[in-house]
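Have a look at input.txt; it's compact mmCIF, C-alpha atoms:
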```
# COMPACT_ATOMS: atom_id res chain seq x y z
CA MET P 23 54.99 185.25 59.17
CA SER P 24 51.47 185.85 60.49
CA ALA P 25 48.85 187.48 58.32
CA GLU P 26 49.01 190.66 60.43
CA THR P 27 52.77 190.91 59.94
CA ALA P 28 52.42 190.21 56.24
CA VAL P 29 49.86 192.94 55.75
CA SER P 30 51.99 195.46 57.65
CA ALA P 31 54.84 194.63 55.29
CA ARG P 32 52.77 195.92 52.38
CA ARG P 33 51.68 199.21 53.97
CA GLU P 34 54.04 201.28 56.07
CA ASP P 35 52.43 204.58 57.02
CA THR P 36 54.40 207.24 58.91
CA GLY P 37 51.28 208.46 60.72
CA ARG P 38 51.35 211.83 58.88
CA GLY P 39 49.70 210.67 55.68
CA GLU P 40 53.06 209.83 54.13
CA ARG P 41 54.16 206.44 52.86
CA ARG P 42 57.66 205.12 53.34
CA PRO P 43 59.43 203.15 50.61
CA LEU P 44 58.49 199.49 50.85
CA ASP P 45 60.96 197.37 52.78
CA LYS P 46 62.22 194.95 50.10
CA VAL P 47 63.04 192.18 52.58
CA ARG P 48 59.60 192.31 54.14
CA ALA P 49 58.05 192.51 50.69
CA LEU P 50 59.93 189.33 49.76
CA GLN P 51 58.68 187.62 52.92
CA TRP P 52 55.11 188.71 52.18
CA THR P 53 55.31 187.33 48.65
CA LEU P 54 56.67 183.99 49.82
CA TYR P 55 54.09 183.75 52.60
CA ARG P 56 51.21 184.60 50.25
CA CYS P 57 52.30 182.05 47.65
CA ALA P 58 52.77 179.33 50.27
CA LYS P 59 49.41 180.11 51.88
CA GLN P 60 47.46 180.18 48.63
CA GLU P 61 49.05 176.99 47.30
CA PRO P 62 49.53 174.54 50.22
CA GLU P 63 51.03 171.89 47.93
CA ARG P 64 53.48 174.22 46.20
CA ARG P 65 57.18 173.36 46.42
CA PHE P 66 59.61 176.26 46.10
CA HIS P 67 62.57 175.87 43.78
CA ALA P 68 64.22 179.34 43.69
CA LEU P 69 65.02 180.36 47.28
CA TYR P 70 68.81 180.12 47.45
CA GLY P 71 69.26 183.19 45.24
CA HIS P 72 67.52 185.35 47.85
CA VAL P 73 69.90 184.28 50.63
CA HIS P 74 72.91 186.01 49.10
CA ARG P 75 71.04 189.24 48.31
CA MET P 76 72.82 192.14 50.01
CA ASP P 77 69.64 193.59 51.54
CA VAL P 78 68.83 190.19 53.09
CA LEU P 79 72.38 189.83 54.40
CA TRP P 80 72.26 193.33 55.87
CA ARG P 81 69.00 192.51 57.66
CA ALA P 82 70.58 189.28 58.94
CA TRP P 83 73.64 191.19 60.13
CA SER P 84 71.42 193.63 62.06
CA SER P 85 69.76 190.70 63.84
CA VAL P 86 73.08 189.02 64.68
CA CYS P 87 74.54 192.32 65.84
CA ALA P 88 71.53 192.97 68.13
CA ASN P 89 71.79 189.50 69.68
CA ARG P 90 75.54 189.84 70.20
CA GLY P 91 76.60 186.36 71.27
CA ALA P 92 79.93 184.68 71.89
CA PRO P 93 82.52 184.13 69.15
CA GLY P 94 82.83 180.83 67.30
CA VAL P 95 85.89 178.66 66.79
CA ASN P 96 87.78 181.42 64.95
CA GLY P 97 87.47 183.80 67.92
CA VAL P 98 86.06 186.63 65.77
CA THR P 99 83.46 188.76 67.59
CA VAL P 100 80.70 190.98 66.23
CA ASP P 101 82.64 194.07 67.34
CA GLN P 102 85.73 192.95 65.42
CA VAL P 103 83.68 192.48 62.24
CA ALA P 104 82.13 195.93 62.70
CA ALA P 105 85.56 197.49 63.19
CA SER P 106 87.03 195.86 60.08
CA GLY P 107 84.15 196.85 57.80
CA VAL P 108 80.70 195.28 57.63
CA ASP P 109 80.04 196.01 53.96
CA GLU P 110 83.20 194.24 52.83
CA PHE P 111 82.41 191.34 55.18
CA LEU P 112 78.90 190.92 53.72
CA GLN P 113 80.10 191.36 50.14
CA ASP P 114 82.55 188.51 50.69
CA LEU P 115 79.81 186.29 52.17
CA SER P 116 77.51 187.10 49.25
CA GLU P 117 80.22 186.18 46.76
CA GLN P 118 80.94 182.88 48.53
CA LEU P 119 77.25 181.98 48.50
CA ARG P 120 76.77 183.06 44.88
CA THR P 121 79.73 181.00 43.67
CA HIS P 122 78.86 178.05 45.94
CA THR P 123 82.25 178.26 47.71
CA TYR P 124 80.77 178.97 51.17
CA ARG P 125 81.65 176.28 53.72
CA PRO P 126 80.44 176.46 57.33
CA SER P 127 82.98 176.21 60.14
CA VAL P 128 82.82 173.68 62.95
CA LEU P 129 80.83 174.62 66.03
CA ARG P 130 82.34 175.61 69.35
CA ARG P 131 80.75 173.53 72.11
CA VAL P 132 80.23 175.06 75.54
CA GLN P 133 78.35 173.71 78.54
CA ILE P 134 76.09 176.12 80.43
CA PRO P 135 74.34 175.27 83.72
CA LYS P 136 70.60 174.67 83.58
CA PRO P 137 68.72 177.24 85.70
CA GLY P 138 67.23 175.68 88.80
CA ARG P 139 68.93 172.32 88.23
CA PRO P 140 72.23 172.18 90.11
CA GLY P 141 74.79 169.89 88.49
CA GLU P 142 72.96 169.72 85.14
CA PHE P 143 74.32 171.40 82.03
CA ARG P 144 72.94 172.25 78.60
CA PRO P 145 75.30 171.94 75.61
CA LEU P 146 75.40 174.98 73.33
CA SER P 147 76.99 174.81 69.88
CA ILE P 148 78.17 178.28 68.85
CA PRO P 149 78.65 179.07 65.13
CA THR P 150 81.03 181.74 63.88
CA VAL P 151 79.68 185.24 63.19
CA ALA P 152 79.78 184.57 59.42
CA ASP P 153 77.78 181.36 59.82
CA ARG P 154 75.27 183.10 62.07
CA VAL P 155 74.69 185.78 59.44
CA VAL P 156 74.11 183.21 56.67
CA MET P 157 71.84 181.12 58.93
CA THR P 158 69.78 184.20 59.79
CA ALA P 159 69.55 185.14 56.09
CA ALA P 160 68.31 181.64 55.28
CA LYS P 161 65.80 181.87 58.13
CA LEU P 162 64.46 185.16 56.74
CA VAL P 163 63.78 183.41 53.43
CA LEU P 164 62.53 180.05 54.72
CA GLU P 165 60.36 181.19 57.63
CA PRO P 166 57.48 182.67 55.56
CA VAL P 167 57.24 179.49 53.48
CA PHE P 168 56.82 177.24 56.52
CA GLU P 169 54.93 179.76 58.62
CA ALA P 170 52.08 179.47 56.11
CA GLN P 171 51.60 175.79 56.98
CA PHE P 172 52.16 175.85 60.75
CA THR P 173 49.03 175.19 62.81
CA GLU P 174 47.36 177.07 65.65
CA ALA P 175 48.75 174.53 68.13
CA SER P 176 52.32 175.82 67.69
CA TYR P 177 53.47 178.92 69.59
CA GLY P 178 57.24 178.77 70.04
CA PHE P 179 59.59 181.05 68.05
CA ARG P 180 56.84 182.26 65.74
CA PRO P 181 55.91 185.84 64.80
CA LYS P 182 53.09 187.36 66.84
CA ARG P 183 52.82 184.26 69.06
CA SER P 184 54.29 184.03 72.53
CA ALA P 185 54.58 181.83 75.59
CA ILE P 186 51.79 183.86 77.22
CA ASP P 187 49.53 183.09 74.24
CA ALA P 188 50.28 179.39 74.77
CA CYS P 189 49.39 179.68 78.47
CA GLU P 190 46.13 181.38 77.53
CA ALA P 191 45.28 178.49 75.18
CA VAL P 192 45.89 176.09 78.08
CA ARG P 193 43.63 178.13 80.36
CA VAL P 194 40.79 178.23 77.84
CA ALA P 195 40.96 174.49 77.16
CA ALA P 196 41.10 173.59 80.87
CA ASN P 197 38.08 175.77 81.64
CA GLN P 198 36.17 173.90 78.91
CA ARG P 199 36.30 170.73 81.01
CA GLN P 200 39.42 169.26 79.47
CA GLU P 201 40.81 168.45 82.88
CA TRP P 202 43.19 165.56 82.17
CA VAL P 203 46.60 166.84 81.10
CA PHE P 204 49.39 164.90 79.46
CA GLU P 205 52.52 166.95 80.15
CA ALA P 206 55.37 165.94 77.85
CA ASP P 207 59.12 166.32 78.08
CA ILE P 208 61.19 165.41 75.01
CA ARG P 209 64.59 164.02 75.92
CA ASP P 210 67.29 166.20 74.27
CA CYS P 211 65.03 167.38 71.44
CA PHE P 212 67.60 169.53 69.60
CA GLY P 213 70.28 166.88 69.90
CA THR P 214 68.28 163.88 68.67
CA ILE P 215 66.33 165.07 65.61
CA ASP P 216 66.97 162.59 62.82
CA HIS P 217 68.59 164.43 59.90
CA ASP P 218 66.86 162.42 57.19
CA ALA P 219 63.45 162.86 58.82
CA LEU P 220 64.02 166.60 59.17
CA MET P 221 65.20 167.01 55.58
CA ALA P 222 62.17 165.05 54.39
CA GLN P 223 59.95 167.61 56.09
CA VAL P 224 61.91 170.52 54.60
CA ALA P 225 61.70 168.92 51.15
CA ARG P 226 57.90 168.90 51.35
CA ARG P 227 58.00 172.64 50.60
CA VAL P 228 61.52 173.25 49.25
CA VAL P 229 63.05 171.58 46.19
CA ASP P 230 65.83 174.11 45.67
CA ARG P 231 68.87 171.80 45.66
CA SER P 232 71.28 174.56 46.69
CA MET P 233 69.11 175.49 49.69
CA LEU P 234 68.72 171.86 50.74
CA LYS P 235 72.47 171.35 50.41
CA LEU P 236 73.10 174.42 52.58
CA ILE P 237 70.78 173.18 55.34
CA ARG P 238 72.30 169.70 55.29
CA ALA P 239 75.79 171.24 55.53
CA TRP P 240 74.73 173.01 58.74
CA LEU P 241 73.29 169.79 60.16
CA ARG P 242 76.58 167.97 59.46
CA MET P 243 78.85 170.65 60.97
CA GLY P 244 81.31 169.08 63.38
CA VAL P 245 81.58 170.15 67.02
CA LEU P 246 84.86 171.27 68.59
CA GLU P 247 85.12 170.47 72.29
CA GLY P 248 88.30 170.08 74.29
CA GLY P 249 90.41 170.43 71.17
CA VAL P 250 88.72 167.46 69.48
CA THR P 251 86.29 167.75 66.56
CA SER P 252 83.39 165.29 66.64
CA PRO P 253 80.88 164.65 63.82
CA THR P 254 77.19 165.32 64.40
CA GLY P 255 75.15 162.32 63.36
CA ALA P 256 71.83 163.71 64.60
CA GLY P 257 70.26 166.86 65.93
CA THR P 258 70.37 170.51 65.02
CA PRO P 259 72.86 172.81 66.77
CA GLN P 260 71.23 174.39 69.82
CA GLY P 261 72.53 177.94 69.78
CA SER P 262 72.31 178.64 66.05
CA PRO P 263 69.76 181.15 64.67
CA ILE P 264 68.05 178.63 62.39
CA SER P 265 67.68 175.78 64.91
CA PRO P 266 64.29 176.88 66.36
CA LEU P 267 62.81 177.04 62.85
CA LEU P 268 64.19 173.60 61.96
CA ALA P 269 62.81 172.17 65.22
CA ASN P 270 59.37 173.63 64.44
CA ILE P 271 59.52 172.16 60.92
CA ALA P 272 60.31 168.72 62.33
CA LEU P 273 57.69 168.90 65.10
CA HIS P 274 55.04 170.10 62.65
CA VAL P 275 54.47 166.36 62.12
CA LEU P 276 53.13 166.24 65.68
CA ASP P 277 50.82 169.19 65.01
CA GLU P 278 49.50 167.49 61.88
CA ALA P 279 48.82 164.32 63.85
CA TRP P 280 46.59 166.35 66.16
CA GLN P 281 44.70 167.77 63.22
CA GLY P 282 43.98 164.20 62.16
CA ARG P 283 43.99 161.21 64.52
CA GLY P 284 44.72 163.29 67.61
CA ARG P 285 41.82 165.72 67.26
CA ARG P 286 39.47 163.58 69.34
CA LEU P 287 42.11 163.05 72.03
CA GLY P 288 42.23 166.65 73.20
CA THR P 289 43.83 170.04 72.66
CA LEU P 290 47.54 170.20 71.84
CA VAL P 291 49.49 173.29 72.95
CA ARG P 292 53.13 173.24 71.83
CA TYR P 293 55.91 175.73 72.44
CA CYS P 294 58.73 174.33 70.28
CA ASP P 295 59.80 171.13 72.10
CA ASP P 296 57.67 171.77 75.22
CA PHE P 297 54.03 170.69 74.90
CA VAL P 298 50.93 169.56 76.76
CA VAL P 299 47.70 167.88 75.68
CA LEU P 300 44.47 168.65 77.55
CA SER P 301 41.87 165.88 77.31
CA PRO P 302 38.36 165.33 78.71
CA THR P 303 39.16 161.84 80.12
CA ARG P 304 42.13 159.97 81.49
CA GLN P 305 41.81 157.33 78.78
CA ARG P 306 42.19 159.92 76.03
CA ALA P 307 45.15 161.52 77.82
CA GLU P 308 46.89 158.14 77.90
CA GLN P 309 46.10 157.64 74.21
CA ALA P 310 47.60 161.08 73.55
CA ARG P 311 50.79 159.92 75.26
CA GLU P 312 50.92 156.83 73.03
CA LEU P 313 50.30 158.83 69.84
CA ALA P 314 52.95 161.42 70.75
CA ALA P 315 55.50 158.68 71.44
CA VAL P 316 54.86 157.08 68.02
CA VAL P 317 55.08 160.37 66.11
CA LEU P 318 58.21 161.52 67.91
CA GLY P 319 59.81 158.12 67.42
CA GLY P 320 59.61 158.67 63.66
CA LEU P 321 61.73 161.82 64.17
CA GLY P 322 64.33 160.05 66.28
CA MET P 323 63.04 161.59 69.53
CA ARG P 324 61.84 160.02 72.76
CA LEU P 325 59.66 161.17 75.63
CA HIS P 326 61.42 161.40 78.97
CA PRO P 327 59.73 158.65 81.02
CA GLU P 328 60.30 160.35 84.38
CA LYS P 329 59.32 163.88 83.33
CA SER P 330 56.26 163.02 81.22
CA GLY P 331 52.97 162.05 82.84
CA VAL P 332 49.22 162.57 83.20
CA VAL P 333 47.67 164.80 85.88
CA CYS P 334 44.08 165.60 86.80
CA LEU P 335 43.02 169.22 87.31
CA THR P 336 39.54 168.51 88.70
CA ARG P 337 38.71 170.78 91.67
CA GLY P 338 42.36 171.76 92.04
CA GLY P 339 43.49 168.23 92.84
CA GLN P 340 46.71 168.46 90.87
CA GLY P 341 48.65 171.03 88.89
CA PHE P 342 51.46 171.07 86.37
CA ASP P 343 54.34 173.30 85.30
CA PHE P 344 54.45 174.69 81.78
CA LEU P 345 56.56 177.55 80.38
CA GLY P 346 57.69 178.72 83.80
CA PHE P 347 54.20 178.87 85.30
CA HIS P 348 52.47 176.49 87.67
CA HIS P 349 48.93 175.84 86.38
CA ARG P 350 46.26 174.73 88.83
CA LYS P 351 42.50 175.07 89.25
CA VAL P 352 41.37 177.39 92.06
CA GLU P 353 37.89 177.85 93.49
CA SER P 354 36.17 181.05 92.45
CA TRP P 355 35.64 183.65 95.16
CA LYS P 356 32.52 184.82 93.31
CA TRP P 357 30.81 181.50 92.58
CA ARG P 358 31.58 178.93 95.25
CA GLY P 359 31.91 175.39 93.94
CA ARG P 360 33.26 176.51 90.57
CA PHE P 361 36.93 176.04 89.77
CA TYR P 362 38.96 177.92 87.17
CA LEU P 363 42.51 177.42 85.95
CA GLN P 364 45.01 179.95 87.20
CA ARG P 365 48.77 180.28 86.85
CA TRP P 366 51.59 181.74 88.88
CA PRO P 367 55.40 181.40 88.88
CA SER P 368 56.51 177.81 89.36
CA ALA P 369 58.71 176.73 92.25
CA ARG P 370 61.61 176.30 89.85
CA ALA P 371 61.18 179.81 88.40
CA LEU P 372 61.08 181.26 91.91
CA GLY P 373 64.16 179.25 92.85
CA VAL P 374 66.12 180.58 89.87
CA LEU P 375 65.20 184.17 90.77
CA ARG P 376 66.09 183.67 94.44
CA ASP P 377 69.48 182.28 93.42
CA LYS P 378 70.18 185.40 91.36
CA ILE P 379 69.16 187.66 94.24
CA ARG P 380 71.24 185.65 96.71
CA VAL P 381 74.34 185.81 94.49
CA ALA P 382 73.97 189.57 93.95
CA THR P 383 73.70 190.17 97.72
CA SER P 384 76.21 187.56 98.90
CA ARG P 385 78.80 188.19 101.64
CA SER P 386 81.62 188.13 99.07
CA ARG P 387 80.26 191.28 97.41
CA THR P 388 80.01 193.55 100.43
CA GLU P 389 82.78 195.78 99.07
CA ARG P 390 80.31 197.07 96.45
CA PRO P 391 78.00 200.02 97.18
CA VAL P 392 74.40 199.12 97.95
CA ALA P 393 73.29 201.35 95.07
CA ALA P 394 75.42 199.31 92.64
CA VAL P 395 73.82 196.08 93.84
CA VAL P 396 70.37 197.60 93.35
CA ALA P 397 71.36 198.70 89.84
CA ASP P 398 72.27 195.07 89.06
CA LEU P 399 69.08 193.66 90.59
CA ASN P 400 66.54 196.01 89.00
CA PRO P 401 66.86 194.74 85.38
CA VAL P 402 66.51 191.16 86.64
CA LEU P 403 63.41 191.98 88.68
CA ARG P 404 61.89 194.10 85.90
CA GLY P 405 62.35 191.38 83.28
CA TRP P 406 61.01 188.66 85.59
CA ALA P 407 57.95 190.76 86.44
CA ALA P 408 57.27 191.61 82.78
CA TYR P 409 56.81 187.91 82.01
CA PHE P 410 55.07 186.64 85.16
CA ARG P 411 52.72 189.61 85.51
CA ASN P 412 50.54 187.85 82.93
CA GLY P 413 48.87 185.57 85.42
CA ASN P 414 47.70 185.34 89.02
CA SER P 415 51.06 186.14 90.58
CA GLY P 416 50.13 188.67 93.27
CA ARG P 417 51.13 186.56 96.29
CA LYS P 418 54.35 185.39 94.66
CA PHE P 419 55.27 188.97 93.78
CA ASN P 420 54.73 190.02 97.38
CA ALA P 421 56.98 187.19 98.56
CA VAL P 422 59.73 188.20 96.12
CA ASP P 423 59.56 191.82 97.27
CA GLY P 424 59.91 190.68 100.87
CA TYR P 425 62.88 188.48 100.00
CA VAL P 426 64.65 191.29 98.13
CA HIS P 427 64.07 193.62 101.10
CA GLU P 428 65.48 191.07 103.52
CA ARG P 429 68.55 190.24 101.41
CA LEU P 430 69.42 193.91 100.86
CA ALA P 431 68.99 194.67 104.55
CA ILE P 432 71.29 191.80 105.56
CA PHE P 433 73.77 192.92 102.87
CA ALA P 434 73.77 196.47 104.25
CA SER P 435 74.17 195.19 107.83
CA ARG P 436 77.23 193.17 106.88
CA LYS P 437 78.67 196.01 104.84
CA HIS P 438 78.46 198.47 107.73
CA GLY P 439 79.38 195.97 110.47
CA LEU P 440 75.99 196.13 112.19
CA ARG P 441 75.05 193.31 114.55
CA GLY P 442 71.74 191.50 114.74
CA ARG P 443 69.05 190.84 112.17
CA ASN P 444 66.44 193.40 113.22
CA TRP P 445 66.30 194.55 109.63
CA THR P 446 62.57 195.28 109.67
CA THR P 447 63.07 198.20 112.05
CA ARG P 448 66.52 199.33 110.97
CA PHE P 449 66.03 199.07 107.21
CA THR P 450 62.42 200.04 106.67
CA TYR P 451 60.19 200.34 103.64
CA ALA P 452 61.18 204.01 103.39
CA TRP P 453 64.84 202.92 103.17
CA ILE P 454 64.18 200.40 100.41
CA SER P 455 62.14 203.01 98.53
CA ARG P 456 64.95 205.56 98.70
CA LEU P 457 67.27 203.00 97.12
CA GLY P 458 64.96 202.83 94.09
CA VAL P 459 64.47 199.06 94.21
CA TYR P 460 62.03 197.86 91.56
CA ARG P 461 58.98 196.44 93.29
CA LEU P 462 56.93 193.65 91.76
CA THR P 463 53.85 194.26 93.90
CA GLY P 464 51.14 196.06 91.96
CA ASN P 465 52.43 195.01 88.55
CA VAL P 466 50.13 192.03 88.02
CA ARG P 467 47.68 192.46 85.18
CA GLY P 468 43.97 192.16 85.96
CA ALA P 469 42.80 188.69 86.99
CA MET P 470 41.29 186.75 84.10
CA VAL P 471 38.86 184.64 86.14
CA HIS P 472 36.87 184.98 89.34
CA ALA P 473 39.40 183.35 91.60
CA SER P 474 42.15 184.74 93.77
CA ARG P 475 45.73 183.64 94.24
```
Can the structure from this file be put into structure tokens for me?
Amino acid sequence: MSAETAVSARREDTGRGERRPLDKVRALQWTLYRCAKQEPERRFHALYGHVHRMDVLWRAWSSVCANRGAPGVNGVTVDQVAASGVDEFLQDLSEQLRTHTYRPSVLRRVQIPKPGRPGEFRPLSIPTVADRVVMTAAKLVLEPVFEAQFTEASYGFRPKRSAIDACEAVRVAANQRQEWVFEADIRDCFGTIDHDALMAQVARRVVDRSMLKLIRAWLRMGVLEGGVTSPTGAGTPQGSPISPLLANIALHVLDEAWQGRGRRLGTLVRYCDDFVVLSPTRQRAEQARELAAVVLGGLGMRLHPEKSGVVCLTRGGQGFDFLGFHHRKVESWKWRGRFYLQRWPSARALGVLRDKIRVATSRSRTERPVAAVVADLNPVLRGWAAYFRNGNSGRKFNAVDGYVHERLAIFASRKHGLRGRNWTTRFTYAWISRLGVYRLTGNVRGAMVHASR
């Protein structure tokens, strides 16, 4: 929990001079955060009792319900739990936790395709709804304790910190003449974290044996795939609510290394398992690679040799992809000879969006009304624009608008049996406007440096 969030937990004003009753869950988080922040060496020994509190479980249920998600191995969905009675469901979970009879179920393994990487799949391990609620409750209790120790280099899955904030940190560092970038890719981060190394990091702040036992039980949950249950010897289940927090706890060792030995090597910017180091010289960037490999090796992780490397940003010579953006230095239109780092959607991000547009407007879907296709496309375009508008994406947005126009025009031609591809004269801008297609052009936020893209 950030300091801003913590303070807001203490004072909740309605805006009319009234004060609402204090949210007890947020008050608990504030207390834990404050204690952990004021006493960096303190180890907490009474956390498990908060996990089975009914108000904490209700808050966890609200989060699980909002995220929806697929059912686990028992086939029970969120809707089925809601229909059968949430209060009774949570009371039963609370009793199991209180009496130490709670046992997590095995995980249901599914393979989902990686966006922009044909033929590659990412394994997801899906817990049951009950396990997701307990994991979220534990996360509500544990997160403030560890949030107090996390460093400014970490941005992923943290309150009040986003991927855009991480990109801004990269931009600032690069414009301060740190032009050698070590871009890292951890091979199967969530699947290779050493359990003992992770638990050692958790135990630095938590000595509650019941809480430690609960976390270790989740790490040891078996995986059901193809009717066969396999044990999990390493890693944390990718797809569970608590996994991002556990990954951040493990990778905090890397952040600490950069506060010590790594400080002179450059600026570390980490978004969970995706990170870059910006250095003033190539030698220091190579040393950053060596240090990262050593630290990650102690956690059971390895850098991907083919996807990790060092690039030079000087005068726009090279660029790199990070968090969906392509980062590259561009000459200023105001001061010739000066180069500033800019970012715009990467080729992979554009490819993923084009694939979605192509599928929605494919020949096999011509039986659908054009208006229905537009209704499907608009949320995709709006969400994509909301993220990539935070950069120098004007030209890319124009290209996407043109591609959407073309695909819809070809779709309409096929639907109505029209011949030829003179879509620019037959299906004009006025036509696309009448359809209500969301346009990306004009949605880019103001440029942050004196350079155009």
Give the answer as one residue: which of P:Phe212, P:Tyr177, P:Phe297, P:Trp366 has the shortest atom-to-atom distance to Arg417 (chain P), using all atoms listed in the file?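 For Arg417 (chain P), the nearest of the given residues is P:Trp366.
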Have a look at CA of Gln51 (chain P) and CA of Pro166 (chain P) and let me know their distance in Å, one decimal.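 Distance reported for this atom pair: 5.7 Å.
Interatomic distance, CA of Asn414 (chain P) to CA of Gly346 (chain P): 13.1 Å.
Among the candidate residues P:Thr251, P:Asn465, P:Gln364, P:Thr303, the one lying nearest to Asp343 (chain P) is P:Gln364, with distances computed using all atoms listed in the file.
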For Ala175 (chain P), which residue among P:Pro259, P:Gly341, P:Gly405, P:Gly284 is the nearest when counting all atoms listed in the file? P:Gly284
Do you know which residues lie at most 7 Å from (79.6, 174.3, 69.3), with coordinates as in the file and all atoms listed in the file counted, and could you write them as a PDB file with C-alpha atoms, in the coordinates of the input?
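Generated output (out_29.pdb):
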```
ATOM      1  CA  LEU P 129      80.830 174.620  66.030  1.00  0.00           C
ATOM      2  CA  ARG P 130      82.340 175.610  69.350  1.00  0.00           C
ATOM      3  CA  ARG P 131      80.750 173.530  72.110  1.00  0.00           C
ATOM      4  CA  VAL P 132      80.230 175.060  75.540  1.00  0.00           C
ATOM      5  CA  LEU P 146      75.400 174.980  73.330  1.00  0.00           C
ATOM      6  CA  SER P 147      76.990 174.810  69.880  1.00  0.00           C
ATOM      7  CA  ILE P 148      78.170 178.280  68.850  1.00  0.00           C
ATOM      8  CA  PRO P 149      78.650 179.070  65.130  1.00  0.00           C
ATOM      9  CA  VAL P 245      81.580 170.150  67.020  1.00  0.00           C
ATOM     10  CA  LEU P 246      84.860 171.270  68.590  1.00  0.00           C
TER      11      LEU P 246
END
```
Expressed in Å to a single decimal, how great is the separation between CA of Val422 (chain P) and CA of Ile186 (chain P)? 21.0 Å
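Neighbours of region 63-68 of chain P closer than or equal to 9 Å, with only C-alpha atoms counted and sequence neighbours fewer than 5 positions away skipped, come out as Cys57, Ala58, Val167, Ala225, Arg226, Arg227, Val228, Val229, Asp230, Arg231 and Met233 of chain P.
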List the spatial neighbours of His349 (chain P) as an NGL selection string - criterion: any atom at most 10 Å away, only C-alpha atoms, same-chain residues fewer than 3 positions off excluded. :P and (189 or 192-193 or 196 or 335 or 338 or 340-346 or 352 or 363-368 or 413-414)
Between P:Ala314, P:Ala452, P:Leu440, P:Ala431, which residue has the minimum interatomic distance to Leu273 (chain P), considering only C-alpha atoms?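 The shortest atom-to-atom distance to Leu273 (chain P) comes from P:Ala314.
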Could you name the residues that touch Leu325 (chain P) at 8 Å or less, counting only C-alpha atoms, but leaving out those on the same chain fewer than 5 positions away, as a PyMOL selection string? chain P and resi 206-209+315+318+330
For C-alpha atoms, I'd like the residues from the last selection saved as a PDB file, in the frame of the given file.
```pdb
ATOM      1  CA  ALA P 206      55.370 165.940  77.850  1.00  0.00           C
ATOM      2  CA  ASP P 207      59.120 166.320  78.080  1.00  0.00           C
ATOM      3  CA  ILE P 208      61.190 165.410  75.010  1.00  0.00           C
ATOM      4  CA  ARG P 209      64.590 164.020  75.920  1.00  0.00           C
ATOM      5  CA  ALA P 315      55.500 158.680  71.440  1.00  0.00           C
ATOM      6  CA  LEU P 318      58.210 161.520  67.910  1.00  0.00           C
ATOM      7  CA  SER P 330      56.260 163.020  81.220  1.00  0.00           C
TER       8      SER P 330
END
```
Kindly indicate which residue among P:Gln133, P:Ser184, P:Ser85, P:Gln118 lies nearest to Gly261 (chain P), using only C-alpha atoms for the distances.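 Smallest separation from Gly261 (chain P) among the options: P:Gln133.
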With all atoms listed in the file as the atoms that count, which of P:Pro135, P:Gly71, P:Pro62, P:Gly94 lies nearest to Val374 (chain P)?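 Ranked by minimum distance to Val374 (chain P), first place goes to P:Pro135.
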Would you mind listing what lies within 8 Å of Tyr293 (chain P) as a list in words, with only C-alpha atoms counted and same-chain residues fewer than 5 positions away left out?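 Returned residues: Ser176, Tyr177, Gly178, Phe179, Ala185 and Ala188 of chain P.
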Closest-contact table, region 166-270 of chain P side, partner region 159-162 of chain P, 12 Å, counting all atoms listed in the file, as a Markdown table:
```
| residue | atom | partner | partner_atom | distance |
| --- | --- | --- | --- | --- |
| P:Pro166 | CA | P:Leu162 | CA | 7.5 |
| P:Val167 | CA | P:Leu162 | CA | 9.7 |
| P:Phe168 | CA | P:Lys161 | CA | 10.2 |
| P:Glu169 | CA | P:Lys161 | CA | 11.1 |
| P:Phe179 | CA | P:Lys161 | CA | 11.7 |
| P:Arg180 | CA | P:Lys161 | CA | 11.8 |
| P:Pro181 | CA | P:Leu162 | CA | 11.8 |
| P:Ser232 | CA | P:Ala160 | CA | 11.5 |
| P:Met233 | CA | P:Ala160 | CA | 8.3 |
| P:Leu234 | CA | P:Ala160 | CA | 10.8 |
| P:Leu236 | CA | P:Ala160 | CA | 9.1 |
| P:Ile237 | CA | P:Ala160 | CA | 8.8 |
| P:Trp240 | CA | P:Ala160 | CA | 11.3 |
| P:Ser262 | CA | P:Lys161 | CA | 10.7 |
| P:Pro263 | CA | P:Lys161 | CA | 7.7 |
| P:Ile264 | CA | P:Lys161 | CA | 5.8 |
| P:Ser265 | CA | P:Lys161 | CA | 9.3 |
| P:Pro266 | CA | P:Lys161 | CA | 9.7 |
| P:Leu267 | CA | P:Lys161 | CA | 7.4 |
| P:Leu268 | CA | P:Lys161 | CA | 9.3 |
```
Would you mind exporting C-alpha atoms of the selected residues as a short mmCIF file (atom, residue, chain, number, x, y, z; two decimals), in the frame of the given file?
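Output saved as selection-v7.cif:
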```cif
data_model
loop_
_atom_site.label_atom_id
_atom_site.label_comp_id
_atom_site.auth_asym_id
_atom_site.auth_seq_id
_atom_site.Cartn_x
_atom_site.Cartn_y
_atom_site.Cartn_z
CA PRO P 166 57.48 182.67 55.56
CA VAL P 167 57.24 179.49 53.48
CA PHE P 168 56.82 177.24 56.52
CA GLU P 169 54.93 179.76 58.62
CA PHE P 179 59.59 181.05 68.05
CA ARG P 180 56.84 182.26 65.74
CA PRO P 181 55.91 185.84 64.80
CA SER P 232 71.28 174.56 46.69
CA MET P 233 69.11 175.49 49.69
CA LEU P 234 68.72 171.86 50.74
CA LEU P 236 73.10 174.42 52.58
CA ILE P 237 70.78 173.18 55.34
CA TRP P 240 74.73 173.01 58.74
CA SER P 262 72.31 178.64 66.05
CA PRO P 263 69.76 181.15 64.67
CA ILE P 264 68.05 178.63 62.39
CA SER P 265 67.68 175.78 64.91
CA PRO P 266 64.29 176.88 66.36
CA LEU P 267 62.81 177.04 62.85
CA LEU P 268 64.19 173.60 61.96
#
```
